[in-house]
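> What follows is my_file.cif, made up of mmCIF, C-alpha atoms:
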data_start
#
loop_
_atom_site.label_atom_id
_atom_site.label_comp_id
_atom_site.auth_asym_id
_atom_site.auth_seq_id
_atom_site.Cartn_x
_atom_site.Cartn_y
_atom_site.Cartn_z
CA MET E 1 33.51 0.12 -17.55
CA THR E 2 30.22 -1.60 -18.36
CA ASP E 3 27.21 -0.15 -20.17
CA ARG E 4 25.54 -0.03 -16.78
CA ILE E 5 27.46 3.15 -16.06
CA ILE E 6 25.90 5.03 -18.91
CA LEU E 7 22.34 3.67 -18.84
CA THR E 8 19.96 6.42 -17.83
CA ILE E 9 16.87 5.69 -15.77
CA GLY E 10 14.16 8.34 -15.75
CA LEU E 11 11.64 8.30 -12.93
CA LEU E 12 8.42 10.07 -13.93
CA GLY E 13 6.76 11.51 -10.86
CA GLY E 14 9.98 10.50 -9.16
CA THR E 15 9.85 13.09 -6.38
CA GLY E 16 7.67 10.85 -4.19
CA ASN E 17 8.94 8.32 -1.69
CA GLU E 18 8.93 5.34 -4.05
CA GLY E 19 10.77 7.25 -6.77
CA GLN E 20 13.35 8.64 -4.36
CA GLY E 21 13.99 5.20 -2.89
CA LEU E 22 14.57 3.61 -6.28
CA ALA E 23 16.64 6.58 -7.49
CA PHE E 24 18.90 6.35 -4.45
CA ARG E 25 19.50 2.62 -4.83
CA TRP E 26 20.11 2.75 -8.59
CA ALA E 27 22.38 5.77 -8.33
CA LYS E 28 24.45 3.88 -5.77
CA ALA E 29 24.63 0.96 -8.22
CA GLY E 30 26.15 3.22 -10.88
CA TYR E 31 23.17 4.19 -13.04
CA HIS E 32 22.62 7.70 -14.23
CA ILE E 33 19.32 8.87 -12.77
CA ILE E 34 16.84 11.52 -13.84
CA ILE E 35 14.06 12.53 -11.50
CA GLY E 36 11.10 13.80 -13.50
CA SER E 37 8.23 15.88 -12.18
CA ARG E 38 5.39 18.02 -13.42
CA THR E 39 7.22 20.74 -11.48
CA PRO E 40 10.86 20.81 -12.67
CA GLU E 41 11.98 22.88 -9.65
CA LYS E 42 10.73 20.15 -7.33
CA ALA E 43 12.59 17.51 -9.34
CA LEU E 44 15.74 19.60 -9.12
CA ARG E 45 15.41 20.00 -5.37
CA VAL E 46 14.91 16.24 -4.84
CA ALA E 47 17.86 15.51 -7.15
CA ASN E 48 20.05 17.84 -5.12
CA GLU E 49 18.99 16.19 -1.87
CA LEU E 50 19.77 12.77 -3.27
CA ASN E 51 23.16 13.90 -4.55
CA GLU E 52 23.95 15.26 -1.13
CA ARG E 53 23.06 11.95 0.46
CA LEU E 54 25.06 10.08 -2.20
CA GLY E 55 28.08 12.39 -1.87
CA GLU E 56 28.26 12.59 -5.68
CA ASP E 57 26.33 14.24 -8.50
CA LEU E 58 24.57 11.20 -9.95
CA VAL E 59 21.01 12.44 -10.11
CA GLU E 60 19.46 15.13 -12.29
CA GLY E 61 16.07 16.74 -11.92
CA MET E 62 13.82 18.07 -14.71
CA GLY E 63 10.31 18.00 -16.14
CA ASN E 64 8.63 14.67 -16.94
CA GLN E 65 8.72 15.36 -20.68
CA GLU E 66 12.48 16.00 -20.77
CA ALA E 67 13.12 13.04 -18.45
CA ALA E 68 11.14 10.78 -20.78
CA GLU E 69 13.15 12.04 -23.76
CA LEU E 70 16.58 11.63 -22.22
CA ALA E 71 16.25 8.36 -20.31
CA ASP E 72 16.78 4.89 -21.78
CA ILE E 73 14.56 3.21 -19.24
CA ILE E 74 11.45 4.88 -17.86
CA VAL E 75 9.87 4.21 -14.48
CA ILE E 76 6.48 5.65 -13.60
CA THR E 77 5.83 6.31 -9.93
CA VAL E 78 2.81 8.60 -10.01
CA PRO E 79 -0.38 7.96 -7.99
CA TYR E 80 -2.92 5.89 -9.91
CA SER E 81 -5.16 8.92 -10.32
CA ALA E 82 -2.49 10.53 -12.56
CA HIS E 83 -1.39 7.28 -14.25
CA ALA E 84 -3.32 7.22 -17.53
CA ALA E 85 -3.08 10.98 -18.16
CA THR E 86 0.68 11.09 -17.55
CA ILE E 87 1.32 8.17 -19.90
CA GLU E 88 -1.01 9.57 -22.54
CA SER E 89 0.81 12.92 -22.50
CA LEU E 90 4.23 11.28 -22.97
CA LYS E 91 3.34 8.45 -25.27
CA ASP E 92 5.11 9.72 -28.38
CA THR E 93 8.33 10.26 -26.44
CA LEU E 94 8.31 6.75 -24.98
CA LYS E 95 8.45 4.79 -28.25
CA GLY E 96 11.02 2.00 -28.24
CA LYS E 97 11.79 2.29 -24.53
CA VAL E 98 11.38 -0.08 -21.61
CA PHE E 99 8.65 1.27 -19.37
CA ILE E 100 8.54 0.06 -15.77
CA ASP E 101 5.15 0.48 -14.15
CA VAL E 102 5.21 0.55 -10.36
CA THR E 103 1.60 1.67 -10.09
CA VAL E 104 -1.02 0.04 -7.89
CA PRO E 105 -4.58 0.98 -8.85
CA LEU E 106 -5.69 1.71 -5.30
CA VAL E 107 -9.18 3.16 -5.10
CA PRO E 108 -9.48 5.16 -1.85
CA PRO E 109 -10.93 4.78 0.68
CA ASN E 110 -11.09 1.00 0.12
CA ILE E 111 -7.42 0.52 -0.57
CA GLU E 112 -7.48 -2.93 1.07
CA VAL E 113 -9.84 -4.24 -1.58
CA VAL E 114 -8.54 -5.37 -4.96
CA GLN E 115 -10.15 -3.13 -7.59
CA MET E 116 -8.73 -3.36 -11.08
CA PRO E 117 -9.21 -1.10 -14.11
CA THR E 118 -11.05 -2.53 -17.11
CA ALA E 119 -7.75 -3.22 -18.88
CA GLY E 120 -7.09 -5.84 -16.16
CA SER E 121 -4.38 -3.97 -14.29
CA ALA E 122 -2.64 -0.60 -14.29
CA ALA E 123 0.26 -2.10 -16.23
CA GLN E 124 -2.02 -3.47 -18.94
CA GLU E 125 -3.69 -0.07 -19.10
CA ALA E 126 -0.25 1.47 -19.70
CA GLN E 127 0.48 -1.08 -22.43
CA GLU E 128 -2.86 -0.32 -24.10
CA ILE E 129 -2.07 3.41 -24.17
CA LEU E 130 1.55 2.99 -25.26
CA GLY E 131 1.02 0.31 -27.89
CA GLU E 132 3.38 -2.46 -28.87
CA ASP E 133 6.39 -0.21 -29.50
CA VAL E 134 6.89 0.10 -25.77
CA SER E 135 7.80 -2.83 -23.53
CA VAL E 136 5.79 -2.36 -20.36
CA VAL E 137 7.11 -4.26 -17.35
CA ALA E 138 5.27 -4.28 -14.01
CA ALA E 139 7.48 -4.42 -10.93
CA PHE E 140 8.14 -3.08 -7.40
CA GLN E 141 4.44 -2.67 -6.49
CA ASN E 142 4.73 -4.59 -3.21
CA ILE E 143 7.84 -2.87 -1.85
CA SER E 144 7.37 -0.36 0.90
CA HIS E 145 9.12 2.93 0.15
CA SER E 146 10.44 3.04 3.68
CA HIS E 147 12.46 -0.10 2.90
CA LEU E 148 13.69 1.39 -0.37
CA LYS E 149 14.90 4.56 1.27
CA GLU E 150 16.97 2.64 3.80
CA GLU E 151 20.14 0.88 2.78
CA GLY E 152 20.57 -2.86 3.01
CA PRO E 153 18.43 -5.85 2.08
CA VAL E 154 14.66 -5.52 1.77
CA PRO E 155 12.43 -8.21 3.30
CA CYS E 156 10.15 -8.34 0.25
CA ASP E 157 10.74 -9.94 -3.14
CA VAL E 158 9.87 -8.31 -6.46
CA LEU E 159 7.59 -10.08 -8.94
CA VAL E 160 8.33 -8.90 -12.49
CA CYS E 161 5.68 -9.23 -15.22
CA GLY E 162 5.85 -8.23 -18.88
CA ASP E 163 5.24 -9.62 -22.33
CA ASN E 164 8.76 -9.00 -23.61
CA GLU E 165 11.23 -11.44 -22.09
CA ALA E 166 14.30 -9.32 -22.83
CA ALA E 167 12.66 -6.37 -21.08
CA ARG E 168 11.70 -8.58 -18.11
CA ASN E 169 15.31 -9.68 -17.84
CA GLN E 170 16.54 -6.11 -18.01
CA VAL E 171 14.20 -5.18 -15.16
CA LEU E 172 15.33 -8.23 -13.18
CA GLU E 173 18.86 -6.83 -13.53
CA LEU E 174 17.63 -3.51 -12.15
CA VAL E 175 15.93 -5.29 -9.24
CA LYS E 176 19.24 -6.93 -8.41
CA ALA E 177 21.11 -3.65 -8.80
CA ALA E 178 18.71 -2.12 -6.26
CA GLY E 179 19.69 -4.86 -3.80
CA LEU E 180 16.40 -6.73 -4.04
CA VAL E 181 15.43 -10.27 -4.98
CA GLY E 182 13.38 -10.46 -8.17
CA TRP E 183 11.40 -13.24 -9.82
CA ASP E 184 10.27 -13.55 -13.41
CA ALA E 185 6.51 -13.69 -12.90
CA GLY E 186 5.52 -14.13 -16.55
CA PRO E 187 3.37 -12.11 -18.94
CA LEU E 188 1.84 -8.71 -18.28
CA GLN E 189 -1.56 -10.36 -17.76
CA ASN E 190 -0.18 -11.60 -14.41
CA ALA E 191 0.29 -8.03 -13.17
CA VAL E 192 -3.25 -8.10 -11.75
CA VAL E 193 -1.97 -10.43 -9.05
CA VAL E 194 1.10 -8.41 -8.20
CA GLU E 195 -0.74 -5.08 -8.14
CA GLY E 196 -3.64 -6.57 -6.19
CA LEU E 197 -1.31 -8.17 -3.69
CA THR E 198 -0.50 -4.67 -2.46
CA SER E 199 -4.11 -4.24 -1.32
CA ILE E 200 -3.90 -7.54 0.57
CA LEU E 201 -0.63 -6.49 2.21
CA LEU E 202 -2.14 -3.12 3.21
CA GLY E 203 -5.05 -5.00 4.80
CA ILE E 204 -2.63 -7.30 6.62
CA ASN E 205 -0.71 -4.26 7.91
CA LYS E 206 -3.92 -2.93 9.38
CA ARG E 207 -5.37 -6.17 10.78
CA TYR E 208 -2.09 -7.44 12.26
CA LYS E 209 -0.75 -4.02 13.29
CA MET E 210 2.27 -4.39 11.06
CA LYS E 211 4.07 -1.63 9.20
CA ASN E 212 5.46 -3.07 6.01
CA ALA E 213 4.05 -6.51 5.21
CA GLY E 214 5.76 -7.98 2.16
CA ILE E 215 6.23 -11.37 0.55
CA ARG E 216 9.03 -13.78 -0.08
CA VAL E 217 8.92 -16.53 -2.64
CA THR E 218 9.82 -19.80 -0.91
CA GLY E 219 10.95 -23.15 -2.22
CA GLY E 220 14.10 -22.12 -4.07
CA GLN E 221 17.46 -20.53 -3.72
CA ALA E 222 17.42 -16.78 -3.25
CA HIS E 223 19.24 -15.28 -6.23
CA GLU E 224 20.38 -11.84 -5.19
CA MET W 1 -13.19 -31.97 25.13
CA THR W 2 -13.65 -28.98 22.84
CA ASP W 3 -16.14 -28.57 20.04
CA ARG W 4 -13.28 -29.10 17.69
CA ILE W 5 -13.55 -32.84 18.31
CA ILE W 6 -17.05 -33.02 16.95
CA LEU W 7 -16.83 -30.57 14.06
CA THR W 8 -17.13 -32.45 10.79
CA ILE W 9 -15.26 -31.31 7.71
CA GLY W 10 -16.47 -32.63 4.37
CA LEU W 11 -14.08 -32.55 1.42
CA LEU W 12 -15.96 -32.62 -1.87
CA GLY W 13 -13.83 -34.26 -4.52
CA GLY W 14 -11.56 -35.07 -1.60
CA THR W 15 -9.95 -38.15 -3.13
CA GLY W 16 -7.32 -36.06 -4.94
CA ASN W 17 -3.95 -35.08 -3.54
CA GLU W 18 -5.05 -31.73 -2.11
CA GLY W 19 -8.09 -33.25 -0.39
CA GLN W 20 -6.11 -36.14 1.03
CA GLY W 21 -3.44 -33.83 2.37
CA LEU W 22 -5.93 -31.57 4.14
CA ALA W 23 -7.95 -34.56 5.40
CA PHE W 24 -4.84 -36.11 6.91
CA ARG W 25 -3.76 -32.96 8.70
CA TRP W 26 -7.22 -32.13 10.03
CA ALA W 27 -7.89 -35.70 11.16
CA LYS W 28 -4.61 -35.57 13.11
CA ALA W 29 -5.78 -32.32 14.70
CA GLY W 30 -8.93 -34.03 15.97
CA TYR W 31 -11.56 -33.14 13.41
CA HIS W 32 -14.02 -35.65 12.05
CA ILE W 33 -13.41 -35.93 8.33
CA ILE W 34 -15.60 -37.01 5.45
CA ILE W 35 -14.07 -37.60 2.05
CA GLY W 36 -16.68 -37.01 -0.65
CA SER W 37 -16.49 -38.19 -4.23
CA ARG W 38 -18.71 -38.64 -7.26
CA THR W 39 -17.73 -42.32 -6.81
CA PRO W 40 -18.51 -43.35 -3.21
CA GLU W 41 -16.36 -46.51 -3.46
CA LYS W 42 -13.34 -44.38 -4.29
CA ALA W 43 -14.04 -42.10 -1.31
CA LEU W 44 -14.31 -45.17 0.91
CA ARG W 45 -11.01 -46.55 -0.34
CA VAL W 46 -9.20 -43.25 0.24
CA ALA W 47 -10.77 -42.95 3.71
CA ASN W 48 -9.53 -46.43 4.58
CA GLU W 49 -6.03 -45.59 3.38
CA LEU W 50 -6.00 -42.43 5.48
CA ASN W 51 -7.28 -44.28 8.55
CA GLU W 52 -4.53 -46.82 8.11
CA ARG W 53 -1.92 -44.06 7.95
CA LEU W 54 -3.52 -42.35 10.97
CA GLY W 55 -3.78 -45.58 12.97
CA GLU W 56 -7.35 -44.65 13.92
CA ASP W 57 -10.75 -44.50 12.23
CA LEU W 58 -11.14 -40.74 11.87
CA VAL W 59 -12.09 -40.49 8.22
CA GLU W 60 -15.25 -41.61 6.44
CA GLY W 61 -15.84 -41.90 2.70
CA MET W 62 -19.11 -41.38 0.83
CA GLY W 63 -20.74 -39.60 -2.11
CA ASN W 64 -20.41 -35.82 -2.44
CA GLN W 65 -24.12 -35.31 -1.76
CA GLU W 66 -24.08 -37.21 1.55
CA ALA W 67 -20.80 -35.58 2.54
CA ALA W 68 -22.32 -32.14 1.92
CA GLU W 69 -25.34 -33.06 4.05
CA LEU W 70 -23.43 -34.43 7.03
CA ALA W 71 -20.50 -32.02 7.29
CA ASP W 72 -20.53 -28.72 9.18
CA ILE W 73 -17.78 -27.22 7.07
CA ILE W 74 -17.41 -27.97 3.38
CA VAL W 75 -14.19 -27.85 1.39
CA ILE W 76 -14.24 -28.14 -2.38
CA THR W 77 -11.13 -29.62 -3.99
CA VAL W 78 -12.35 -30.51 -7.48
CA PRO W 79 -10.57 -29.41 -10.67
CA TYR W 80 -11.81 -26.08 -11.98
CA SER W 81 -13.54 -27.80 -14.90
CA ALA W 82 -15.92 -29.47 -12.41
CA HIS W 83 -16.19 -26.50 -10.03
CA ALA W 84 -19.40 -24.73 -11.08
CA ALA W 85 -21.34 -27.93 -11.89
CA THR W 86 -20.45 -29.59 -8.57
CA ILE W 87 -21.48 -26.52 -6.57
CA GLU W 88 -24.67 -26.09 -8.59
CA SER W 89 -25.69 -29.69 -7.94
CA LEU W 90 -25.20 -29.38 -4.17
CA LYS W 91 -26.36 -25.84 -3.62
CA ASP W 92 -29.56 -26.64 -1.69
CA THR W 93 -27.64 -28.89 0.70
CA LEU W 94 -25.01 -26.26 1.44
CA LYS W 95 -27.30 -23.58 2.89
CA GLY W 96 -26.02 -22.08 6.13
CA LYS W 97 -22.61 -23.75 5.96
CA VAL W 98 -19.09 -22.43 5.67
CA PHE W 99 -17.76 -23.31 2.23
CA ILE W 100 -14.01 -23.32 1.72
CA ASP W 101 -12.98 -22.94 -1.91
CA VAL W 102 -9.50 -24.21 -2.70
CA THR W 103 -10.00 -23.95 -6.46
CA VAL W 104 -7.62 -22.26 -8.85
CA PRO W 105 -9.19 -21.48 -12.23
CA LEU W 106 -6.27 -22.79 -14.26
CA VAL W 107 -6.96 -22.87 -17.98
CA PRO W 108 -4.71 -25.51 -19.58
CA PRO W 109 -2.38 -25.43 -21.36
CA ASN W 110 -1.52 -21.89 -20.24
CA ILE W 111 -1.63 -22.59 -16.51
CA GLU W 112 1.13 -20.05 -15.88
CA VAL W 113 -1.06 -17.21 -17.08
CA VAL W 114 -3.65 -15.66 -14.79
CA GLN W 115 -7.07 -16.22 -16.40
CA MET W 116 -10.09 -15.45 -14.25
CA PRO W 117 -13.77 -16.33 -14.72
CA THR W 118 -16.20 -13.48 -15.35
CA ALA W 119 -17.25 -13.53 -11.69
CA GLY W 120 -13.72 -12.31 -10.88
CA SER W 121 -12.39 -15.52 -9.34
CA ALA W 122 -13.47 -19.12 -8.77
CA ALA W 123 -14.43 -18.28 -5.19
CA GLN W 124 -16.66 -15.38 -6.29
CA GLU W 125 -18.22 -17.71 -8.85
CA ALA W 126 -19.01 -20.14 -6.01
CA GLN W 127 -20.52 -17.32 -3.95
CA GLU W 128 -22.68 -16.25 -6.91
CA ILE W 129 -24.03 -19.78 -7.31
CA LEU W 130 -24.53 -20.41 -3.60
CA GLY W 131 -26.05 -17.04 -2.69
CA GLU W 132 -25.71 -15.17 0.55
CA ASP W 133 -26.83 -18.05 2.80
CA VAL W 134 -23.44 -19.65 2.35
CA SER W 135 -20.19 -18.12 3.61
CA VAL W 136 -17.62 -18.77 0.91
CA VAL W 137 -14.02 -18.51 2.06
CA ALA W 138 -11.11 -18.86 -0.36
CA ALA W 139 -7.98 -20.49 1.04
CA PHE W 140 -5.14 -22.99 0.48
CA GLN W 141 -4.80 -22.28 -3.27
CA ASN W 142 -1.04 -21.73 -3.13
CA ILE W 143 -0.11 -24.79 -1.08
CA SER W 144 1.48 -27.68 -2.90
CA HIS W 145 -0.26 -30.97 -2.10
CA SER W 146 3.09 -32.64 -1.68
CA HIS W 147 3.72 -30.39 1.31
CA LEU W 148 0.26 -31.12 2.72
CA LYS W 149 0.74 -34.86 2.50
CA GLU W 150 3.98 -34.71 4.43
CA GLU W 151 3.98 -34.01 8.13
CA GLY W 152 5.64 -30.96 9.63
CA PRO W 153 5.65 -27.28 8.78
CA VAL W 154 4.88 -26.09 5.26
CA PRO W 155 7.05 -23.36 3.69
CA CYS W 156 4.05 -21.49 2.28
CA ASP W 157 1.56 -19.26 4.07
CA VAL W 158 -2.19 -19.34 3.49
CA LEU W 159 -4.06 -16.18 2.47
CA VAL W 160 -7.70 -16.39 3.57
CA CYS W 161 -10.38 -14.28 1.81
CA GLY W 162 -14.11 -14.10 2.45
CA ASP W 163 -16.86 -11.59 3.06
CA ASN W 164 -17.92 -13.03 6.42
CA GLU W 165 -15.39 -12.25 9.12
CA ALA W 166 -16.53 -15.01 11.47
CA ALA W 167 -16.16 -17.54 8.67
CA ARG W 168 -12.71 -16.18 7.80
CA ASN W 169 -11.70 -16.60 11.43
CA GLN W 170 -13.04 -20.14 11.51
CA VAL W 171 -10.97 -20.97 8.43
CA LEU W 172 -7.91 -19.32 9.98
CA GLU W 173 -8.41 -21.74 12.90
CA LEU W 174 -8.45 -24.63 10.43
CA VAL W 175 -5.29 -23.35 8.78
CA LYS W 176 -3.60 -23.37 12.16
CA ALA W 177 -4.98 -26.81 12.97
CA ALA W 178 -3.42 -28.06 9.73
CA GLY W 179 -0.04 -26.77 10.93
CA LEU W 180 0.11 -23.86 8.52
CA VAL W 181 0.43 -20.10 8.92
CA GLY W 182 -2.66 -18.20 7.77
CA TRP W 183 -3.34 -14.52 7.16
CA ASP W 184 -6.66 -12.73 6.99
CA ALA W 185 -6.50 -11.39 3.44
CA GLY W 186 -9.81 -9.51 3.45
CA PRO W 187 -12.98 -9.77 1.37
CA LEU W 188 -13.75 -12.40 -1.25
CA GLN W 189 -13.00 -9.88 -4.00
CA ASN W 190 -9.32 -10.31 -3.07
CA ALA W 191 -9.43 -14.01 -4.02
CA VAL W 192 -8.44 -13.08 -7.57
CA VAL W 193 -4.96 -12.33 -6.25
CA VAL W 194 -4.62 -15.51 -4.23
CA GLU W 195 -5.95 -17.77 -6.96
CA GLY W 196 -3.88 -16.02 -9.63
CA LEU W 197 -0.75 -16.22 -7.51
CA THR W 198 -0.81 -19.97 -8.11
CA SER W 199 -0.27 -19.37 -11.84
CA ILE W 200 2.69 -17.14 -11.04
CA LEU W 201 4.15 -19.77 -8.69
CA LEU W 202 3.71 -22.49 -11.34
CA GLY W 203 5.57 -20.26 -13.81
CA ILE W 204 8.33 -19.68 -11.26
CA ASN W 205 8.60 -23.45 -10.70
CA LYS W 206 9.18 -23.90 -14.41
CA ARG W 207 11.50 -20.96 -15.05
CA TYR W 208 13.66 -21.50 -11.95
CA LYS W 209 13.50 -25.33 -11.99
CA MET W 210 11.84 -25.41 -8.57
CA LYS W 211 9.28 -27.91 -7.37
CA ASN W 212 7.00 -26.16 -4.95
CA ALA W 213 7.39 -22.40 -5.00
CA GLY W 214 5.27 -20.78 -2.32
CA ILE W 215 5.06 -17.48 -0.49
CA ARG W 216 5.62 -16.19 3.01
CA VAL W 217 4.25 -12.94 4.30
CA THR W 218 7.14 -10.94 5.76
CA GLY W 219 7.26 -8.02 8.13
CA GLY W 220 5.46 -9.49 11.12
CA GLN W 221 5.51 -12.24 13.68
CA ALA W 222 4.58 -15.67 12.35
CA HIS W 223 1.48 -16.75 14.24
CA GLU W 224 1.28 -20.53 13.99
#
For this file, write the structure as structure tokens.

Amino acid sequence: MTDRIILTIGLLGGTGNEGQGLAFRWAKAGYHIIIGSRTPEKALRVANELNERLGEDLVEGMGNQEAAELADIIVITVPYSAHAATIESLKDTLKGKVFIDVTVPLVPPNIEVVQMPTAGSAAQEAQEILGEDVSVVAAFQNISHSHLKEEGPVPCDVLVCGDNEAARNQVLELVKAAGLVGWDAGPLQNAVVVEGLTSILLGINKRYKMKNAGIRVTGGQAHE
Amino acid sequence: MTDRIILTIGLLGGTGNEGQGLAFRWAKAGYHIIIGSRTPEKALRVANELNERLGEDLVEGMGNQEAAELADIIVITVPYSAHAATIESLKDTLKGKVFIDVTVPLVPPNIEVVQMPTAGSAAQEAQEILGEDVSVVAAFQNISHSHLKEEGPVPCDVLVCGDNEAARNQVLELVKAAGLVGWDAGPLQNAVVVEGLTSILLGINKRYKMKNAGIRVTGGQAHE
């Protein structure tokens, strides 16, 4: 038995496609998963659906506040429009935790144009709100949820940015556990590139009539 | 005979590794090449070396000012520290031309951290200086010069950003002519991602003991 078995990952706003995909993959890897939602009943329903698919009760559903309290590692998968407010409302609960920000600051209708918040990126905005007691790590922004919800390898690597190296390494472990290839992409300041890359990939999808453009880092050994 | 034969590409600051690599590949593809330099003798020497390697006189060398006057398409491959001043000094000559900006605004010693100029990116800075009469297109920032100087395929795709679609398409043609795979990455505002990605790749080189980390866009057909 490793400590992986008992680590709890809480996905705030985890009822969406991205959250469900990550929850499914991490539950399969042996993590205890909590789906959080503003609407606890919705979280419970999604948790039940995931448990049914998994054939085991590995996922719980509850409100965001409770999820943030109970989980060791927090993942936020809310739309950008709810990003700052959700973090602000939970900030006292998140102290001392690793906080994975999956958010891309898309500004509709021009989602193919890179448009960053004044903090530099959504992840830096989260870090500003949460303060230095929380290790914000940006990751998974470029992965299509339809890949996450399938099983098997994903044709897109994960660039992981954060100022705390131990937290980056912990997230790189989670990337691997989800069956993806991750790369340490340096400090949180670099998140602007990773978040913005999603806009470029959405534009490529449209211009080249593709569904799920992604990226691979070339020039080295894959380290899955 | 196509018009490709007579199109002239001028590489400002083209005596460096990046400029030489692009010059070599485009000369082989049938373009007329001018290497520009602050020191015309140096440009001439590099042009002679390239012609020797090519076995034909396809490359000329001269000062940056003359190169900018004579070429149809301009490529700037100077270090970021010389970027704004070089463009400023040639701005009247560049009117009406396509201007390819290869620059990455690296700020030593922290070249692995994304640090952008106030304009948003080096390419946007160039566009601000040059004004709307010049079509600035950002490209080739992620390609290692050691790949360019070799022959054969390069394991890194080229993301092409610019506000003028015709100019983007012309640059995508040049990417193809150089034997690389290019992708239309949208407006110039997106250049922040492509330029900044170089810092992430340099960090990956260091952390994973790789030489030339690059990226491939996945999820579609390669279109070389």
> Taking only C-alpha atoms into account and nothing else, which residues of chain E lie no more than 8 Å away from chain W? Please answer as an MDAnalysis selection string.
chainID E and resid 112:114 155:156 183:187 189:190 192:194 196:197 200:201 203:204 207:208 210:220
> Which residues are close to W:Val158, i.e. within 7 Å by all atoms listed in the file, leaving aside same-chain residues fewer than 6 positions away? Reply as a list in words.
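Here the answer would be Ala139, Phe140, Val181, Gly182 and Trp183 of chain W.
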> Kindly save the residues from that selection, with C-alpha atoms included, as a PDB file, in the frame of the given file.

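Dumped everything to part_19.pdb:
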ATOM      1  CA  ALA W 139      -7.980 -20.490   1.040  1.00  0.00           C
ATOM      2  CA  PHE W 140      -5.140 -22.990   0.480  1.00  0.00           C
ATOM      3  CA  VAL W 181       0.430 -20.100   8.920  1.00  0.00           C
ATOM      4  CA  GLY W 182      -2.660 -18.200   7.770  1.00  0.00           C
ATOM      5  CA  TRP W 183      -3.340 -14.520   7.160  1.00  0.00           C
TER       6      TRP W 183
END
> Residues within 12 Å of stretch 168-178 of chain W, please, as a compact mmCIF listing (two decimals) with C-alpha atoms, keeping the file's coordinate frame. Count all atoms listed in the file; anything in the same chain fewer than 6 positions from it doesn't count.

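Once everything was written out, this is result_3.txt:
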# COMPACT_ATOMS: atom_id res chain seq x y z
CA ARG W 4 -13.28 -29.10 17.69
CA ILE W 5 -13.55 -32.84 18.31
CA LEU W 7 -16.83 -30.57 14.06
CA THR W 8 -17.13 -32.45 10.79
CA ILE W 9 -15.26 -31.31 7.71
CA GLY W 21 -3.44 -33.83 2.37
CA LEU W 22 -5.93 -31.57 4.14
CA ALA W 23 -7.95 -34.56 5.40
CA PHE W 24 -4.84 -36.11 6.91
CA ARG W 25 -3.76 -32.96 8.70
CA TRP W 26 -7.22 -32.13 10.03
CA ALA W 27 -7.89 -35.70 11.16
CA LYS W 28 -4.61 -35.57 13.11
CA ALA W 29 -5.78 -32.32 14.70
CA GLY W 30 -8.93 -34.03 15.97
CA TYR W 31 -11.56 -33.14 13.41
CA ASP W 72 -20.53 -28.72 9.18
CA ILE W 73 -17.78 -27.22 7.07
CA ILE W 74 -17.41 -27.97 3.38
CA VAL W 75 -14.19 -27.85 1.39
CA LYS W 97 -22.61 -23.75 5.96
CA VAL W 98 -19.09 -22.43 5.67
CA PHE W 99 -17.76 -23.31 2.23
CA ILE W 100 -14.01 -23.32 1.72
CA ASP W 101 -12.98 -22.94 -1.91
CA VAL W 102 -9.50 -24.21 -2.70
CA SER W 135 -20.19 -18.12 3.61
CA VAL W 136 -17.62 -18.77 0.91
CA VAL W 137 -14.02 -18.51 2.06
CA ALA W 138 -11.11 -18.86 -0.36
CA ALA W 139 -7.98 -20.49 1.04
CA PHE W 140 -5.14 -22.99 0.48
CA ILE W 143 -0.11 -24.79 -1.08
CA HIS W 147 3.72 -30.39 1.31
CA LEU W 148 0.26 -31.12 2.72
CA LYS W 149 0.74 -34.86 2.50
CA GLU W 150 3.98 -34.71 4.43
CA GLU W 151 3.98 -34.01 8.13
CA GLY W 152 5.64 -30.96 9.63
CA PRO W 153 5.65 -27.28 8.78
CA VAL W 154 4.88 -26.09 5.26
CA CYS W 156 4.05 -21.49 2.28
CA ASP W 157 1.56 -19.26 4.07
CA VAL W 158 -2.19 -19.34 3.49
CA LEU W 159 -4.06 -16.18 2.47
CA VAL W 160 -7.70 -16.39 3.57
CA CYS W 161 -10.38 -14.28 1.81
CA GLY W 162 -14.11 -14.10 2.45
CA ASP W 184 -6.66 -12.73 6.99
CA ALA W 185 -6.50 -11.39 3.44
CA GLY W 186 -9.81 -9.51 3.45
CA PRO W 187 -12.98 -9.77 1.37
CA LEU W 188 -13.75 -12.40 -1.25
CA ALA W 222 4.58 -15.67 12.35
CA HIS W 223 1.48 -16.75 14.24
CA GLU W 224 1.28 -20.53 13.99
> State, in Å with one decimal place, the distance from atom CA of E:Gly13 to atom CA of E:Ile87.
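Taking atom CA of E:Gly13 as the start and atom CA of E:Ile87 as the end point, the length is 11.1 Å.
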> Please write the residues picked by the PyMOL selection byres ((chain E and resi 103) around 7) on this file as a ChimeraX atom specification.
/E:77,79-80,101-102,104-105,122,141
> Tell me, in Å to one decimal, how far atom CA of E:Ile111 is from atom CA of W:Leu180.
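Going from atom CA of E:Ile111 over to atom CA of W:Leu180 covers 27.1 Å.
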> Can you work out the spacing between atom CA of E:Gly14 and atom CA of E:Met116 in Å, to one decimal?
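If I compute the distance from atom CA of E:Gly14 to atom CA of E:Met116, I get 23.4 Å.
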> I'd like the residues picked by the PyMOL selection byres ((chain E and resi 63) around 7) written out as a list in words, using the chain letters and numbers from the file.
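Going through the file, the PyMOL selection byres ((chain E and resi 63) around 7) ends up selecting Gly36, Ser37, Arg38, Thr39, Pro40, Met62, Asn64, Gln65, Glu66 and Ala67 of chain E.
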> When distances are computed from all atoms listed in the file, which of E:Gly19, E:Ile33, E:Glu132, E:Lys42 shows the smallest separation from E:Ser144?
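Once distances to E:Ser144 are computed over all atoms listed in the file, the minimum belongs to E:Gly19.
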